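Printed here is start36.txt (compact mmCIF, C-alpha atoms):
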```
# COMPACT_ATOMS: atom_id res chain seq x y z
CA MET A 215 2.01 31.06 71.24
CA LEU A 216 -1.78 30.80 71.57
CA ASP A 217 -3.98 28.00 72.83
CA LEU A 218 -7.29 27.02 71.28
CA ARG A 219 -9.98 25.77 73.64
CA ILE A 220 -13.33 24.37 72.51
CA ILE A 221 -16.02 24.25 75.15
CA ARG A 222 -19.76 24.15 75.48
CA GLY A 223 -21.14 26.99 77.58
CA PRO A 224 -22.17 28.49 79.75
CA LEU A 225 -18.87 30.28 80.22
CA GLU A 226 -17.67 32.11 83.30
CA GLY A 227 -18.94 35.68 83.62
CA SER A 228 -15.43 37.08 83.18
CA GLU A 229 -15.04 35.14 79.91
CA ASN A 230 -18.36 36.47 78.61
CA ARG A 231 -17.31 40.03 79.46
CA GLN A 232 -13.89 39.63 77.75
CA ILE A 233 -15.41 38.16 74.61
CA LEU A 234 -18.17 40.74 74.32
CA SER A 235 -15.85 43.64 75.07
CA GLU A 236 -13.43 42.65 72.28
CA TYR A 237 -16.25 41.81 69.87
CA ASN A 238 -17.95 45.16 70.47
CA ARG A 239 -14.63 47.04 70.17
CA LEU A 240 -13.61 45.39 66.91
CA THR A 241 -17.04 45.53 65.26
CA LYS A 242 -18.13 48.86 66.76
CA ALA A 243 -21.27 47.08 68.00
CA ARG A 244 -23.05 47.98 71.23
CA ILE A 245 -24.45 44.63 72.23
CA PRO A 246 -25.36 44.60 75.93
CA LEU A 247 -24.02 41.81 78.13
CA ASN A 248 -27.50 40.48 79.00
CA GLU A 249 -28.37 40.09 75.30
CA PHE A 250 -25.07 38.32 74.57
CA GLU A 251 -25.53 35.98 77.54
CA HIS A 252 -29.12 35.25 76.55
CA TRP A 253 -28.06 33.93 73.14
CA VAL A 254 -24.95 32.02 74.18
CA GLN A 255 -26.46 30.53 77.35
CA LYS A 256 -30.19 30.16 76.70
CA SER A 257 -30.59 29.44 73.01
CA PRO A 258 -33.46 27.15 71.94
CA ALA A 259 -31.26 24.03 71.93
CA GLY A 260 -29.06 24.85 74.91
CA PRO A 261 -25.83 26.75 75.48
CA ALA A 262 -23.53 27.65 72.62
CA TRP A 263 -20.30 25.91 71.70
CA HIS A 264 -17.27 28.22 71.81
CA ALA A 265 -13.85 28.19 70.19
CA ILE A 266 -11.69 30.43 72.35
CA LEU A 267 -8.22 31.53 71.33
CA GLN A 268 -6.21 32.66 74.32
CA THR A 269 -2.74 33.58 75.49
CA VAL A 270 -0.80 31.48 77.99
CA GLY A 271 -1.86 34.05 80.60
CA GLY A 272 -5.55 33.43 79.84
CA ARG A 273 -6.36 36.58 77.85
CA ILE A 274 -9.03 35.86 75.25
CA VAL A 275 -7.80 37.14 71.87
CA GLY A 276 -10.08 35.23 69.51
CA HIS A 277 -13.53 33.69 69.60
CA THR A 278 -16.34 32.25 67.60
CA SER A 279 -19.45 30.42 68.73
CA LEU A 280 -22.09 28.10 67.38
CA ILE A 281 -25.51 28.84 68.83
CA PRO A 282 -27.66 25.70 68.50
CA LEU A 283 -31.20 26.10 67.21
CA LYS A 284 -34.02 23.59 66.94
CA THR A 285 -35.86 22.60 63.81
CA SER A 286 -37.20 19.51 62.15
CA PHE A 287 -37.35 18.26 58.61
CA ALA A 288 -40.02 15.66 57.91
CA THR A 289 -39.59 13.26 60.84
CA GLU A 290 -35.90 13.98 61.38
CA GLN A 291 -34.84 16.29 64.21
CA LEU A 292 -32.08 18.64 63.09
CA ILE A 293 -29.83 20.83 65.17
CA PRO A 294 -28.64 23.69 63.00
CA ALA A 295 -26.40 26.34 64.50
CA LYS A 296 -25.71 29.99 63.94
CA SER A 297 -22.11 31.19 64.06
CA GLU A 298 -21.88 34.43 65.98
CA PHE A 299 -19.59 36.78 67.98
CA SER A 300 -16.49 36.00 65.93
CA PHE A 301 -13.21 37.91 66.11
CA VAL A 302 -9.43 37.65 66.29
CA HIS A 303 -7.68 40.55 68.04
CA GLU A 304 -5.57 42.52 65.57
CA ASP A 305 -2.37 42.14 67.64
CA PHE A 306 -2.56 38.33 67.55
CA ARG A 307 -3.50 37.59 63.94
CA SER A 308 0.02 36.41 63.10
CA ALA A 309 0.67 34.52 66.36
CA LYS A 310 1.08 30.75 66.18
CA ILE A 311 -1.63 28.51 67.60
CA ASN A 312 -0.35 25.45 69.48
CA GLY A 313 -0.81 22.38 67.27
CA SER A 314 -1.84 24.15 64.06
CA GLU A 315 -0.08 24.56 60.75
CA LYS A 316 2.21 27.53 60.43
CA GLY A 317 0.78 30.29 58.30
CA ARG A 318 -2.88 29.27 58.42
CA ILE A 319 -5.28 32.13 58.92
CA LYS A 320 -6.23 32.16 62.62
CA PHE A 321 -9.94 32.62 62.09
CA LEU A 322 -10.06 29.67 59.69
CA VAL A 323 -8.28 27.50 62.26
CA ILE A 324 -10.75 28.29 65.03
CA VAL A 325 -13.81 27.95 62.78
CA ASN A 326 -12.61 24.65 61.29
CA GLU A 327 -11.83 23.20 64.72
CA LEU A 328 -15.18 24.30 66.16
CA PHE A 329 -17.18 22.86 63.26
CA ALA A 330 -15.20 19.59 63.37
CA HIS A 331 -15.89 19.30 67.10
CA TRP A 332 -19.58 20.15 66.59
CA LYS A 333 -19.88 17.49 63.89
CA ARG A 334 -18.27 14.80 66.09
CA CYS A 335 -20.65 15.65 68.96
CA TYR A 336 -23.81 15.46 66.85
CA GLU A 337 -23.03 12.58 64.48
CA GLY A 338 -25.23 9.60 65.08
CA ARG A 339 -27.97 11.52 66.85
```
Output the file's structure as structure tokens, nothing else.
Amino acid sequence: MLDLRIIRGPLEGSENRQILSEYNRLTKARIPLNEFEHWVQKSPAGPAWHAILQTVGGRIVGHTSLIPLKTSFATEQLIPAKSEFSFVHEDFRSAKINGSEKGRIKFLVIVNELFAHWKRCYEGR
């Protein structure tokens, strides 16, 4: 059974290292920790929002983030976001997430929950 946690950064250093290590392993990327932390902690509109999928013991086995950016359209201020650093560990892709429908694809669950949370936070701005 996995738990899904949605949080606005910055995250703890150990969480950043776990996320980046798994992301780099699964994607074969070589993103350095300082570059990762720059984007998720110091983006133009503040720290990123994270959807973190983790075991009861606290191991991070899935992640996606929304990195807020600033822009404007006419006189309206907009806060678009870039989704980045997304993965679900291969050993946990069929594990159940507490509170979600059985059989739903894990990545879709975490993305949908993160975007729904993002929308609630920024509605009415």
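A straight line drawn from CA of Glu298 (chain A) to CA of Thr278 (chain A) is 6.2 Å long.
With distances taken over all atoms listed in the file, A:Arg231 is the one residue among A:Gln255, A:Pro261, A:Asn248, A:Arg231 lying closest to Ile274 (chain A).
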So the first atom is CA of Lys320 (chain A) and the second is CA of Asp217 (chain A); what is the distance between them in Å, to one decimal place?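 Value for the CA of Lys320 (chain A)-CA of Asp217 (chain A) distance: 11.3 Å.
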Within 12 Å of Ser314 (chain A) using all atoms listed in the file, minus same-chain residues under 5 positions, as a CSV table (one decimal) with C-alpha atoms, in the coordinates of the input:
```
chain,number,residue,atom,x,y,z
A,215,MET,CA,2.0,31.1,71.2
A,216,LEU,CA,-1.8,30.8,71.6
A,217,ASP,CA,-4.0,28.0,72.8
A,218,LEU,CA,-7.3,27.0,71.3
A,309,ALA,CA,0.7,34.5,66.4
A,319,ILE,CA,-5.3,32.1,58.9
A,320,LYS,CA,-6.2,32.2,62.6
A,321,PHE,CA,-9.9,32.6,62.1
A,322,LEU,CA,-10.1,29.7,59.7
A,323,VAL,CA,-8.3,27.5,62.3
A,324,ILE,CA,-10.8,28.3,65.0
A,326,ASN,CA,-12.6,24.6,61.3
A,327,GLU,CA,-11.8,23.2,64.7
```
Mind giving me the straight-line distance from CA of Phe287 (chain A) to CA of Ala330 (chain A) in Å, one decimal?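 CA of Ala330 (chain A) lies 22.7 Å from CA of Phe287 (chain A).
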Identify the residues around (-16.3, 26.3, 71.0) within a radius of 7 Å, measuring from all atoms listed in the file in the coordinates stated by the file, and give them as JSON, numbers by chain. {"A": [219, 220, 221, 222, 263, 264, 265, 266, 278, 279, 328]}
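Within 12 Å of Ala295 (chain A), once all atoms listed in the file are used and residues closer than 5 positions along the same chain are dropped, the contacting residues are Trp253, Val254, Ser257, Pro258, Ala259, Gly260, Pro261, Ala262, Trp263, His264, Ser279, Leu280, Ile281, Pro282, Leu283, Lys284, Thr285, Leu328, Phe329, Trp332, Lys333 and Tyr336 of chain A.
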Can you complete the atoms of region 243-277 of chain A to N, CA and C atoms and list them as a PDB file, in the coordinates of the input?
```pdb
ATOM      1  N   ALA A 243     -19.905  47.421  67.560  1.00  0.00           N
ATOM      2  CA  ALA A 243     -21.270  47.080  68.000  1.00  0.00           C
ATOM      3  C   ALA A 243     -21.476  47.584  69.425  1.00  0.00           C
ATOM      4  N   ARG A 244     -22.709  47.571  69.856  1.00  0.00           N
ATOM      5  CA  ARG A 244     -23.050  47.980  71.230  1.00  0.00           C
ATOM      6  C   ARG A 244     -23.970  46.944  71.861  1.00  0.00           C
ATOM      7  N   ILE A 245     -23.610  45.702  71.714  1.00  0.00           N
ATOM      8  CA  ILE A 245     -24.450  44.630  72.230  1.00  0.00           C
ATOM      9  C   ILE A 245     -24.312  44.606  73.753  1.00  0.00           C
ATOM     10  N   PRO A 246     -25.442  44.672  74.471  1.00  0.00           N
ATOM     11  CA  PRO A 246     -25.360  44.600  75.930  1.00  0.00           C
ATOM     12  C   PRO A 246     -25.061  43.187  76.416  1.00  0.00           C
ATOM     13  N   LEU A 247     -24.426  43.097  77.572  1.00  0.00           N
ATOM     14  CA  LEU A 247     -24.020  41.810  78.130  1.00  0.00           C
ATOM     15  C   LEU A 247     -25.210  40.867  78.301  1.00  0.00           C
ATOM     16  N   ASN A 248     -26.341  41.370  78.776  1.00  0.00           N
ATOM     17  CA  ASN A 248     -27.500  40.480  79.000  1.00  0.00           C
ATOM     18  C   ASN A 248     -28.014  39.889  77.688  1.00  0.00           C
ATOM     19  N   GLU A 249     -27.947  40.618  76.596  1.00  0.00           N
ATOM     20  CA  GLU A 249     -28.370  40.090  75.300  1.00  0.00           C
ATOM     21  C   GLU A 249     -27.396  39.011  74.808  1.00  0.00           C
ATOM     22  N   PHE A 250     -26.100  39.293  74.933  1.00  0.00           N
ATOM     23  CA  PHE A 250     -25.070  38.320  74.570  1.00  0.00           C
ATOM     24  C   PHE A 250     -25.261  37.028  75.365  1.00  0.00           C
ATOM     25  N   GLU A 251     -25.391  37.157  76.681  1.00  0.00           N
ATOM     26  CA  GLU A 251     -25.530  35.980  77.540  1.00  0.00           C
ATOM     27  C   GLU A 251     -26.818  35.218  77.247  1.00  0.00           C
ATOM     28  N   HIS A 252     -27.871  35.929  76.895  1.00  0.00           N
ATOM     29  CA  HIS A 252     -29.120  35.250  76.550  1.00  0.00           C
ATOM     30  C   HIS A 252     -28.879  34.282  75.381  1.00  0.00           C
ATOM     31  N   TRP A 253     -28.237  34.760  74.328  1.00  0.00           N
ATOM     32  CA  TRP A 253     -28.060  33.930  73.140  1.00  0.00           C
ATOM     33  C   TRP A 253     -27.050  32.813  73.343  1.00  0.00           C
ATOM     34  N   VAL A 254     -25.964  33.069  74.049  1.00  0.00           N
ATOM     35  CA  VAL A 254     -24.950  32.020  74.180  1.00  0.00           C
ATOM     36  C   VAL A 254     -25.225  31.062  75.342  1.00  0.00           C
ATOM     37  N   GLN A 255     -26.159  31.406  76.226  1.00  0.00           N
ATOM     38  CA  GLN A 255     -26.460  30.530  77.350  1.00  0.00           C
ATOM     39  C   GLN A 255     -27.848  29.915  77.287  1.00  0.00           C
ATOM     40  N   LYS A 256     -28.798  30.606  76.644  1.00  0.00           N
ATOM     41  CA  LYS A 256     -30.190  30.160  76.700  1.00  0.00           C
ATOM     42  C   LYS A 256     -30.814  30.032  75.315  1.00  0.00           C
ATOM     43  N   SER A 257     -30.039  29.601  74.347  1.00  0.00           N
ATOM     44  CA  SER A 257     -30.590  29.440  73.010  1.00  0.00           C
ATOM     45  C   SER A 257     -31.591  28.289  73.002  1.00  0.00           C
ATOM     46  N   PRO A 258     -32.406  28.180  71.973  1.00  0.00           N
ATOM     47  CA  PRO A 258     -33.460  27.150  71.940  1.00  0.00           C
ATOM     48  C   PRO A 258     -32.986  25.713  72.147  1.00  0.00           C
ATOM     49  N   ALA A 259     -31.751  25.397  71.780  1.00  0.00           N
ATOM     50  CA  ALA A 259     -31.260  24.030  71.930  1.00  0.00           C
ATOM     51  C   ALA A 259     -30.119  23.943  72.943  1.00  0.00           C
ATOM     52  N   GLY A 260     -30.075  24.887  73.861  1.00  0.00           N
ATOM     53  CA  GLY A 260     -29.060  24.850  74.910  1.00  0.00           C
ATOM     54  C   GLY A 260     -27.934  25.831  74.684  1.00  0.00           C
ATOM     55  N   PRO A 261     -26.936  25.795  75.567  1.00  0.00           N
ATOM     56  CA  PRO A 261     -25.830  26.750  75.480  1.00  0.00           C
ATOM     57  C   PRO A 261     -25.002  26.566  74.213  1.00  0.00           C
ATOM     58  N   ALA A 262     -24.363  27.651  73.815  1.00  0.00           N
ATOM     59  CA  ALA A 262     -23.530  27.650  72.620  1.00  0.00           C
ATOM     60  C   ALA A 262     -22.233  26.879  72.844  1.00  0.00           C
ATOM     61  N   TRP A 263     -21.652  26.451  71.729  1.00  0.00           N
ATOM     62  CA  TRP A 263     -20.300  25.910  71.700  1.00  0.00           C
ATOM     63  C   TRP A 263     -19.374  27.067  71.370  1.00  0.00           C
ATOM     64  N   HIS A 264     -18.216  27.121  72.005  1.00  0.00           N
ATOM     65  CA  HIS A 264     -17.270  28.220  71.810  1.00  0.00           C
ATOM     66  C   HIS A 264     -15.909  27.694  71.410  1.00  0.00           C
ATOM     67  N   ALA A 265     -15.274  28.388  70.480  1.00  0.00           N
ATOM     68  CA  ALA A 265     -13.850  28.190  70.190  1.00  0.00           C
ATOM     69  C   ALA A 265     -13.183  29.463  70.695  1.00  0.00           C
ATOM     70  N   ILE A 266     -12.324  29.291  71.691  1.00  0.00           N
ATOM     71  CA  ILE A 266     -11.690  30.430  72.350  1.00  0.00           C
ATOM     72  C   ILE A 266     -10.189  30.350  72.122  1.00  0.00           C
ATOM     73  N   LEU A 267      -9.646  31.415  71.558  1.00  0.00           N
ATOM     74  CA  LEU A 267      -8.220  31.530  71.330  1.00  0.00           C
ATOM     75  C   LEU A 267      -7.667  32.408  72.445  1.00  0.00           C
ATOM     76  N   GLN A 268      -6.683  31.886  73.198  1.00  0.00           N
ATOM     77  CA  GLN A 268      -6.210  32.660  74.320  1.00  0.00           C
ATOM     78  C   GLN A 268      -4.704  32.550  74.506  1.00  0.00           C
ATOM     79  N   THR A 269      -4.164  33.559  75.180  1.00  0.00           N
ATOM     80  CA  THR A 269      -2.740  33.580  75.490  1.00  0.00           C
ATOM     81  C   THR A 269      -2.476  32.619  76.639  1.00  0.00           C
ATOM     82  N   VAL A 270      -1.185  32.334  76.878  1.00  0.00           N
ATOM     83  CA  VAL A 270      -0.800  31.480  77.990  1.00  0.00           C
ATOM     84  C   VAL A 270      -1.304  32.065  79.309  1.00  0.00           C
ATOM     85  N   GLY A 271      -1.379  33.386  79.398  1.00  0.00           N
ATOM     86  CA  GLY A 271      -1.860  34.050  80.600  1.00  0.00           C
ATOM     87  C   GLY A 271      -3.374  34.060  80.746  1.00  0.00           C
ATOM     88  N   GLY A 272      -4.095  33.527  79.754  1.00  0.00           N
ATOM     89  CA  GLY A 272      -5.550  33.430  79.840  1.00  0.00           C
ATOM     90  C   GLY A 272      -6.331  34.558  79.183  1.00  0.00           C
ATOM     91  N   ARG A 273      -5.650  35.496  78.545  1.00  0.00           N
ATOM     92  CA  ARG A 273      -6.360  36.580  77.850  1.00  0.00           C
ATOM     93  C   ARG A 273      -7.016  36.033  76.600  1.00  0.00           C
ATOM     94  N   ILE A 274      -8.292  36.306  76.425  1.00  0.00           N
ATOM     95  CA  ILE A 274      -9.030  35.860  75.250  1.00  0.00           C
ATOM     96  C   ILE A 274      -8.750  36.830  74.104  1.00  0.00           C
ATOM     97  N   VAL A 275      -8.170  36.296  73.005  1.00  0.00           N
ATOM     98  CA  VAL A 275      -7.800  37.140  71.870  1.00  0.00           C
ATOM     99  C   VAL A 275      -8.482  36.699  70.578  1.00  0.00           C
ATOM    100  N   GLY A 276      -9.321  35.682  70.661  1.00  0.00           N
ATOM    101  CA  GLY A 276     -10.080  35.230  69.510  1.00  0.00           C
ATOM    102  C   GLY A 276     -11.250  34.392  69.965  1.00  0.00           C
ATOM    103  N   HIS A 277     -12.317  34.414  69.189  1.00  0.00           N
ATOM    104  CA  HIS A 277     -13.530  33.690  69.600  1.00  0.00           C
ATOM    105  C   HIS A 277     -14.456  33.514  68.405  1.00  0.00           C
TER     106      HIS A 277
END
```
